[in-house]
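Beneath this line is the structure, given in structure tokens, with notes to follow.
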Amino acid sequence: MASAARTLRERLLAKINQRASWRWAKRGLYFLLFIAVFANFIANDKPYYCEYQGEWHTPLFRAIAVDLGLASWPADQATWRWYEIEELENVYWPPIAYSPRRIDLYQKFQSPFAKQQVERWSFRHWLGTDGLGRDTLASLIWGTRIAMLIGIASMVISSIIGLFLGSIAGFFANDRWLTTRAQRVGGTIGLLCGIYWGFIVRRPVLDLGSTANYYLTAILLLIGLTLLGSYLGRQLTPRSGHIRPLPLDDLIMRGIETLNAIPALLLLLAIVAVIKKPTLLSLILILGLLRWTGIARFVRGELLRVRSLEYMQATQVMGLPPALALIRHALPNALGPVYVAVAFGIAGAILVEAGLSFIGIGVPEDIVTWGMLLRNARNSASAWWLAIFPGLAIFLTITVFNLLGEAISEEVN
Amino acid sequence: MLRYTLRRIFLMLPTLVVISLLAFALNECTPEPVDPGGGGIGNAGQTALQRYYRERNNTKRQAKLRGDNLPLFYVSIRSAAYPDTLNRILPRERQAAARGLIAQYGNWPAIQSYNQQLEKSIRTSLALQETNRDNNLIEVSRLLQQLSNRYESKDLQRILGQIESILAEAPGLQTSIKPTLNQLRQAYENLLLKATPGRHYVPNFRWNGFNNRYHQWISQILGGDLGTSRVNGQDVSERVSNALRWTIRLNLSAFIIAYLLAIPLGVYTAAYAGSGFDRRLNIFLFFIYALPSFWVATLLTQFLASPEWFSIFPNMGVGEVAENASWGERTWVRIYHFFLPVFCLTYGVLAVITRQVRTAMQGILQSDFVRTARAKGLRERRIIWRHAFPNALFPLITMFGSLLPSVIAGSIIIELIFNIPGVGMLTFDSIINEDWPVVYALLLLTAILTVLGILLADLLYAWADPRVQLDTQNQRANG
């Protein structure tokens with residue numbers, strides 16, 4: 001069994017290289033990541049380098065540094081429109097010399113195939129322009145960044161929650177987390193205290209507007225007080241007697257069932273609508289907090305299998321603490337299905353984000369997304385390129401992740 | 001079977017309660033509608049004080065109608081610093097201000113006397129306006145009213161400071177309002193001095209009885225009354241049932257078509273697994289599955305239903321049918337209008353169901369009893385349809401349970417694109433118009449239906465495959 005000795009990562013990579021379609025999906029993923037990371041270097045209306053009136057400038061790099069807070073514009077340059085200055089010399093433009101939302105009313109509804117009124121071939125609108133002369137390709141490139149960011153970041157949050165709850169449910173199940181009565185009582189008291197002091201007393205903090213602070217501190221207090229309560233309960237009373245397992249699996253699975261019973265899109269809309277001013281972060285958080293159930297179920301299922309294997313019994317016999325056995329020995333062998341869920345989950349999150357921005361709810365209006373481009377395309381039926389390309393981008397991205405998910409799932413199962 | 005059914009129903013109840021709590025909590029979180037206020041009309045001859053009373057009574061009455069004066073839930077756990085009568089302070093802004101003050105200073109009697117002093121100052125300043133139309137006075141009373149909605153100490157300090165600086169510049173007001181305002185200042189200082197924030201660490205449990213907002217809300221909904229729309233005052237149940245008509249027709253026809261196509265396709269590809277047709281169909285379904293339905297729908301409306309390209313299909317709505325139209329004509333109009341939306345809804349589901357059927361069938365076709373049937377010399381067709389297929393139905397039953405809610409919830413995007421007045425469109429409109437009662441009634445309704453769908457699927461499954469009941473019983477026994 002040579003293949004068993006290899007790590008999961010190596011096995012997955014080898015599997016992906018087996019089939020042409022999966023290899024293409026891998027290349028597609030690299031391509032998408034490259035576009036997402038370097039979007040503002042690829043499509044921008046500021047040149048990389050230019051000389052003007054005897055001085056040299058690097059406007060694009062400076063603009064990015066300014067955005068990051070590392071530099072500032074010289075007083076007169078802050079409002080310059082570099083693309084309108086005609087006497088630039090030795091100028092190097094990005095491959096797409098347009099910013100996504102730059103309006104140019106002389107270039108309305110340029111078809112990608114028609115002759116375009118541009119200075120040079122490199123200034124062509126490769127995928128056409130919309131009704132305000134905005135370049136479709138530049139918008140698509142910047143939209144890639146948003147789509148990938150939302151897909152990956154929300155999946156990271158989902159994975160953390162799903163791994164945590166799923167591994168507790170699967171590893172400890174209903175029989176392995178043994179507690180004495182004193183521990184249960186102490187833990188319950190701690191939990192109630194945590195709810196009271198963490199959430200109820202600190203409620204005014206929420207009214208003062210620091211939401212993140214409120215929830216983070218409250219959750220930390222809740223967990224801390226519960227642990228403290230059970231620890232005290234254990235220390236203050238004799239250990240023997242009334243040892244019973246906590247039904248952790250039942251509790252978590254019931255929670256997952258409840259969450260799954262609510263139509264996801266409707267719940268998403270209901271929550272998104274409550275938020276007064278949607279931001280990218282709020283969207284990522286909501287998607288992340290709602291979509292972890294799949295991962296949790298996968299982890300649980302796999303761990304239920306793993307924990308009955310002989311080597312896990314060996315860890316028990318050797319007296320390894322259960323938490324250590326879980327993290328060091330059980331979890332690494334249960335990660336396979338998680339990768340499958342993550343791959344499909346990213347595709348799902350991108351689709352949901354596109355759908356939300358298509359109907360214009362929950363996504364800030366000032367950022368360019370593929371769904372928004374598609375929505376705007378509905379107003380101008382004759383400009384076919386506006387509807388074709390953003391949809392194609394969504395379709396291809398989802399296909400890439402679905403193909404990768406398929407490859408991983410064939411290796412894992 | 002009966003025992004199993006009862007247990008499943010019993011397990012379902014907590015889920016329903018949690019869902020109702022969630023919908024209720026979200027409903028409570030939504031911003032209040034902007035109050036049009038009772039002022040403006042018919043108060044020309046009134047004094048400032050009368051107007052103030054009128055407006056206050058008006059908002060109080062509205063708040064009472066909404067049930068703002070009732071406690072939120074059966075039990076309340078709050079800190080001992082809060083009085084039991086807090087939710088009788090109306091309207092909500094004042095209640096929030098009082099809550100904010102308590103959160104900071106924790107001494108309810110002092111806060112109460114400060115509030116009373118504030119109210120007295122407002123009335124005094126308004127009463128004085130009857131004789132003295134001084135701009136400074138009007139400004140002072142405006143600031144005082146602003147003060148009644150504030151609780152952050154920096155706001156309070158700032159506004160009190162502003163009032164005092166106005167008074168210092170207006171000697172005419174010194175005698176009339178100054179004493180009251182001094183008392184207000186004193187009450188505020190008293191508040192700071194006698195603050196007891198420590199009281200917050202003592203919890204106070206209270207049983208509120210059944211006269212609370214959650215109870216009212218849930219009993220209304222259980223009684224079939226989903227409330228009234230905030231936008232047009234229409235009955236929500238009526239709006240939902242009107243919308244349901246279209247959504248059910250649309251989605252049901254899509255699912256029926258999808259099942260009718262998927263079952264033969266899935267069974268056929270499973271029977272001839274590995275054939276050219278199987279491989280091609282598999283790839284085709286894979287891509288179809290990744291096609292976003294709203295993109296396809298956009299393209300179809302743009303290219304097949306618009307005068308710009310081909311106007312083959314009607315571009316919007318569900319079509320008008322004359323009153324006396326024949327059955328055939330009526331059906332034709334519906335099919336004509338539903339063709340594109342049903343197509344868009346069908347193809348995604350088709351891919352999912354076909355793959356499910358194929359996987360299930362493939363597993364069954366490799367089992368021993370199928371080999372026995374083959375050995376017996378039965379015809380392949382008979383083996384597939386009579387022996388294997390009924391056993392492959394189980395995953396389809398589960399899928400039916402998960403599809404049921406979407407028959408009702410509808411597809412927001414598809415309904416929007418094709419302008420079909422179904423539940424999805426209703427949801428979207430309600431969110432856009434901030435018509436929260438409708439949104440949360442819909443959320444609750446679909447969630448309940450989802451739970452029922454899962455229950456139904458489980459029961460059907462257990463009925464079709466009695467091993468399931470045994471399994472869960474064993475689990476109980478072992479766990």
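FYI, nothing fancy with the structure tokens labels: chains A, B, ... in order, residues from 1 per chain, ligands from 1 as they appear.
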Tell me as an mmCIF file with C-alpha atoms, in the first residue's frame which residues belonging to chain B come within 8 Å of chain A, counting only C-alpha atoms.
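Listed below is the output, iface-v3.cif:
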```
data_model
loop_
_atom_site.group_PDB
_atom_site.id
_atom_site.type_symbol
_atom_site.label_atom_id
_atom_site.label_comp_id
_atom_site.auth_asym_id
_atom_site.auth_seq_id
_atom_site.Cartn_x
_atom_site.Cartn_y
_atom_site.Cartn_z
ATOM 1 C CA THR B 15 -37.402 22.357 16.134
ATOM 2 C CA LEU B 16 -40.648 24.190 15.415
ATOM 3 C CA VAL B 18 -36.823 27.212 17.883
ATOM 4 C CA ILE B 19 -37.827 28.267 14.378
ATOM 5 C CA LEU B 26 -35.835 38.691 13.599
ATOM 6 C CA CYS B 29 -35.037 43.323 15.250
ATOM 7 C CA THR B 30 -36.514 45.023 12.226
ATOM 8 C CA PRO B 31 -36.662 48.787 12.319
ATOM 9 C CA ILE B 77 -34.193 37.743 32.920
ATOM 10 C CA ARG B 78 -32.732 41.126 33.383
ATOM 11 C CA SER B 79 -30.581 42.833 35.907
ATOM 12 C CA ARG B 99 -32.832 51.621 29.202
ATOM 13 C CA GLY B 100 -29.614 53.351 28.243
ATOM 14 C CA ALA B 103 -27.467 50.639 31.888
ATOM 15 C CA HIS B 200 -26.478 45.085 37.214
ATOM 16 C CA TYR B 201 -24.597 42.070 38.502
ATOM 17 C CA PRO B 203 -30.079 38.992 38.050
ATOM 18 C CA PHE B 287 -22.425 21.341 -16.875
ATOM 19 C CA ALA B 290 -23.335 24.481 -12.827
ATOM 20 C CA LEU B 291 -25.395 26.776 -15.059
ATOM 21 C CA PRO B 292 -26.839 29.537 -12.856
ATOM 22 C CA PHE B 294 -30.781 33.334 -13.349
ATOM 23 C CA TRP B 295 -28.228 33.620 -16.119
ATOM 24 C CA THR B 298 -31.819 36.365 -18.386
ATOM 25 C CA LEU B 299 -30.497 35.077 -21.685
ATOM 26 C CA GLN B 302 -33.338 38.682 -23.751
ATOM 27 C CA PHE B 303 -33.042 36.554 -26.846
ATOM 28 C CA SER B 306 -37.797 40.504 -26.564
ATOM 29 C CA GLU B 308 -34.722 43.174 -30.041
ATOM 30 C CA TRP B 309 -33.975 39.581 -31.089
ATOM 31 C CA PRO B 405 -40.594 23.413 0.668
ATOM 32 C CA SER B 406 -39.209 24.916 -2.508
ATOM 33 C CA ALA B 409 -41.126 29.069 -1.113
ATOM 34 C CA ILE B 413 -35.039 35.093 -8.922
ATOM 35 C CA ILE B 431 -38.244 43.060 1.690
ATOM 36 C CA VAL B 439 -41.456 38.545 5.350
ATOM 37 C CA TYR B 440 -41.407 36.795 8.695
ATOM 38 C CA LEU B 443 -40.215 32.645 6.738
ATOM 39 C CA THR B 446 -41.934 27.864 4.747
ATOM 40 C CA ALA B 447 -39.899 26.665 7.692
ATOM 41 C CA ILE B 448 -42.893 24.813 9.104
ATOM 42 C CA THR B 450 -39.931 22.235 5.438
ATOM 43 C CA VAL B 451 -40.119 20.488 8.781
ATOM 44 C CA GLY B 479 -27.049 4.774 23.242
#
```
As an MDAnalysis selection string, please: all residues of segment 175-366 of chain A that backbone DSSP puts in strand (DSSP E).
chainID A and resid 178:179 244:245
Give the answer as one residue: which of B:Leu21, B:Leu137, B:Ile397, B:Ile432 has the shortest atom-to-atom distance to Tyr214 of chain B, using only C-alpha atoms?
B:Leu21
Alpha helix (DSSP H) positions in segment 102-224 of chain A, given as a PyMOL selection string
chain A and resi 136-167+181-193+203-207+211-224
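Taking atom CA of Ala349 of chain A and atom CA of Phe339 of chain B as endpoints, the distance between them is 28.8 Å.
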Please list as an NGL selection string every residue within 9 Å of Arg355 of chain B, counting only C-alpha atoms and excluding residues in the same chain fewer than 6 positions away.
:B and (262 or 266 or 282 or 285)
Let's have the selection written as a PDB file, in the first residue's frame, with C-alpha atoms.
```pdb
ATOM      1  CA  ALA B 262     -35.117  12.026 -14.755  1.00  0.00           C
ATOM      2  CA  GLY B 266     -31.382   7.690 -14.587  1.00  0.00           C
ATOM      3  CA  ASN B 282     -23.114  12.588 -17.341  1.00  0.00           C
ATOM      4  CA  LEU B 285     -25.716  17.039 -16.597  1.00  0.00           C
TER       5      LEU B 285
END
```
8 Å contact set for Ala243 of chain B, only C-alpha atoms, chain neighbours under 2 positions out, as a PDB file with C-alpha atoms, in the first residue's frame:
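Output contents, as saved in out_34.pdb:
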```pdb
ATOM      1  CA  ARG B 239     -51.665  37.872  -0.176  1.00  0.00           C
ATOM      2  CA  VAL B 240     -49.819  34.650   0.526  1.00  0.00           C
ATOM      3  CA  SER B 241     -52.646  32.467  -0.730  1.00  0.00           C
ATOM      4  CA  ARG B 245     -51.587  29.769  -6.509  1.00  0.00           C
ATOM      5  CA  TRP B 246     -48.985  30.761  -9.066  1.00  0.00           C
ATOM      6  CA  THR B 247     -45.962  29.394  -7.277  1.00  0.00           C
ATOM      7  CA  PRO B 421     -46.719  37.182  -8.974  1.00  0.00           C
ATOM      8  CA  GLY B 422     -45.811  34.207  -6.798  1.00  0.00           C
ATOM      9  CA  VAL B 423     -44.441  33.779  -3.306  1.00  0.00           C
ATOM     10  CA  LEU B 426     -44.051  38.595  -2.753  1.00  0.00           C
TER      11      LEU B 426
END
```
Atomic distance atom CA of Thr427 of chain B - atom CA of Val236 of chain B, expressed in Å with one decimal
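Here the two named atoms are 11.5 Å from each other.
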Excluding Leu192 of chain A and any residue of its chain fewer than 2 positions from it, enumerate the residues within 12 Å of it, using only C-alpha atoms, and give them as number ranges by chain.
A: 185-190, 194-200, 221-227, 229; B: 77, 203
Could you save those same residues with N, CA and C atoms as a PDB file, in the first residue's frame?
```pdb
ATOM      1  N   VAL A 185     -23.748  20.132  37.021  1.00  0.00           N
ATOM      2  CA  VAL A 185     -24.405  21.234  37.731  1.00  0.00           C
ATOM      3  C   VAL A 185     -23.574  22.496  37.607  1.00  0.00           C
ATOM      4  N   GLY A 186     -22.253  22.359  37.876  1.00  0.00           N
ATOM      5  CA  GLY A 186     -21.375  23.528  37.814  1.00  0.00           C
ATOM      6  C   GLY A 186     -21.368  24.135  36.422  1.00  0.00           C
ATOM      7  N   GLY A 187     -21.304  23.258  35.410  1.00  0.00           N
ATOM      8  CA  GLY A 187     -21.293  23.747  34.024  1.00  0.00           C
ATOM      9  C   GLY A 187     -22.563  24.488  33.684  1.00  0.00           C
ATOM     10  N   THR A 188     -23.705  23.951  34.115  1.00  0.00           N
ATOM     11  CA  THR A 188     -24.976  24.614  33.828  1.00  0.00           C
ATOM     12  C   THR A 188     -25.033  25.991  34.485  1.00  0.00           C
ATOM     13  N   ILE A 189     -24.577  26.032  35.749  1.00  0.00           N
ATOM     14  CA  ILE A 189     -24.582  27.328  36.433  1.00  0.00           C
ATOM     15  C   ILE A 189     -23.673  28.309  35.694  1.00  0.00           C
ATOM     16  N   GLY A 190     -22.485  27.804  35.304  1.00  0.00           N
ATOM     17  CA  GLY A 190     -21.560  28.656  34.564  1.00  0.00           C
ATOM     18  C   GLY A 190     -22.170  29.151  33.273  1.00  0.00           C
ATOM     19  N   GLY A 194     -22.874  32.848  32.215  1.00  0.00           N
ATOM     20  CA  GLY A 194     -22.302  33.373  30.974  1.00  0.00           C
ATOM     21  C   GLY A 194     -23.352  34.078  30.145  1.00  0.00           C
ATOM     22  N   ILE A 195     -24.548  33.460  30.030  1.00  0.00           N
ATOM     23  CA  ILE A 195     -25.623  34.096  29.264  1.00  0.00           C
ATOM     24  C   ILE A 195     -25.982  35.430  29.908  1.00  0.00           C
ATOM     25  N   TYR A 196     -26.078  35.400  31.254  1.00  0.00           N
ATOM     26  CA  TYR A 196     -26.519  36.609  31.939  1.00  0.00           C
ATOM     27  C   TYR A 196     -25.484  37.729  31.846  1.00  0.00           C
ATOM     28  N   TRP A 197     -24.243  37.416  32.255  1.00  0.00           N
ATOM     29  CA  TRP A 197     -23.242  38.484  32.287  1.00  0.00           C
ATOM     30  C   TRP A 197     -22.678  38.789  30.908  1.00  0.00           C
ATOM     31  N   GLY A 198     -22.674  37.761  30.057  1.00  0.00           N
ATOM     32  CA  GLY A 198     -22.117  37.991  28.727  1.00  0.00           C
ATOM     33  C   GLY A 198     -23.087  38.732  27.830  1.00  0.00           C
ATOM     34  N   PHE A 199     -24.352  38.306  27.833  1.00  0.00           N
ATOM     35  CA  PHE A 199     -25.289  38.862  26.860  1.00  0.00           C
ATOM     36  C   PHE A 199     -26.227  39.894  27.473  1.00  0.00           C
ATOM     37  N   ILE A 200     -26.857  39.549  28.589  1.00  0.00           N
ATOM     38  CA  ILE A 200     -27.950  40.393  29.076  1.00  0.00           C
ATOM     39  C   ILE A 200     -27.430  41.690  29.692  1.00  0.00           C
ATOM     40  N   LEU A 221     -16.975  35.033  27.243  1.00  0.00           N
ATOM     41  CA  LEU A 221     -17.448  34.946  28.624  1.00  0.00           C
ATOM     42  C   LEU A 221     -18.274  33.681  28.833  1.00  0.00           C
ATOM     43  N   LEU A 222     -19.138  33.408  27.863  1.00  0.00           N
ATOM     44  CA  LEU A 222     -20.024  32.245  27.944  1.00  0.00           C
ATOM     45  C   LEU A 222     -19.197  30.976  28.062  1.00  0.00           C
ATOM     46  N   ILE A 223     -18.229  30.811  27.128  1.00  0.00           N
ATOM     47  CA  ILE A 223     -17.418  29.593  27.127  1.00  0.00           C
ATOM     48  C   ILE A 223     -16.580  29.525  28.401  1.00  0.00           C
ATOM     49  N   GLY A 224     -15.949  30.672  28.746  1.00  0.00           N
ATOM     50  CA  GLY A 224     -15.067  30.701  29.904  1.00  0.00           C
ATOM     51  C   GLY A 224     -15.803  30.343  31.186  1.00  0.00           C
ATOM     52  N   LEU A 225     -16.978  30.943  31.391  1.00  0.00           N
ATOM     53  CA  LEU A 225     -17.705  30.702  32.629  1.00  0.00           C
ATOM     54  C   LEU A 225     -18.216  29.265  32.700  1.00  0.00           C
ATOM     55  N   THR A 226     -18.629  28.717  31.540  1.00  0.00           N
ATOM     56  CA  THR A 226     -19.092  27.332  31.547  1.00  0.00           C
ATOM     57  C   THR A 226     -17.963  26.400  31.949  1.00  0.00           C
ATOM     58  N   LEU A 227     -16.783  26.603  31.329  1.00  0.00           N
ATOM     59  CA  LEU A 227     -15.639  25.755  31.665  1.00  0.00           C
ATOM     60  C   LEU A 227     -15.261  25.921  33.131  1.00  0.00           C
ATOM     61  N   GLY A 229     -17.158  26.845  35.602  1.00  0.00           N
ATOM     62  CA  GLY A 229     -18.175  26.216  36.452  1.00  0.00           C
ATOM     63  C   GLY A 229     -17.956  24.725  36.547  1.00  0.00           C
TER      64      GLY A 229
ATOM     65  N   ILE B  77     -35.337  37.722  32.011  1.00  0.00           N
ATOM     66  CA  ILE B  77     -34.193  37.743  32.920  1.00  0.00           C
ATOM     67  C   ILE B  77     -33.489  39.044  32.638  1.00  0.00           C
ATOM     68  N   PRO B 203     -29.003  39.283  39.004  1.00  0.00           N
ATOM     69  CA  PRO B 203     -30.079  38.992  38.050  1.00  0.00           C
ATOM     70  C   PRO B 203     -31.455  39.005  38.704  1.00  0.00           C
TER      71      PRO B 203
END
```
Which residue is closest to Asp249 of chain A? Choose from A:Arg27, A:Arg300, A:Arg307, A:His57 and count only C-alpha atoms.
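Once distances to Asp249 of chain A are computed over only C-alpha atoms, the minimum belongs to A:Arg300.
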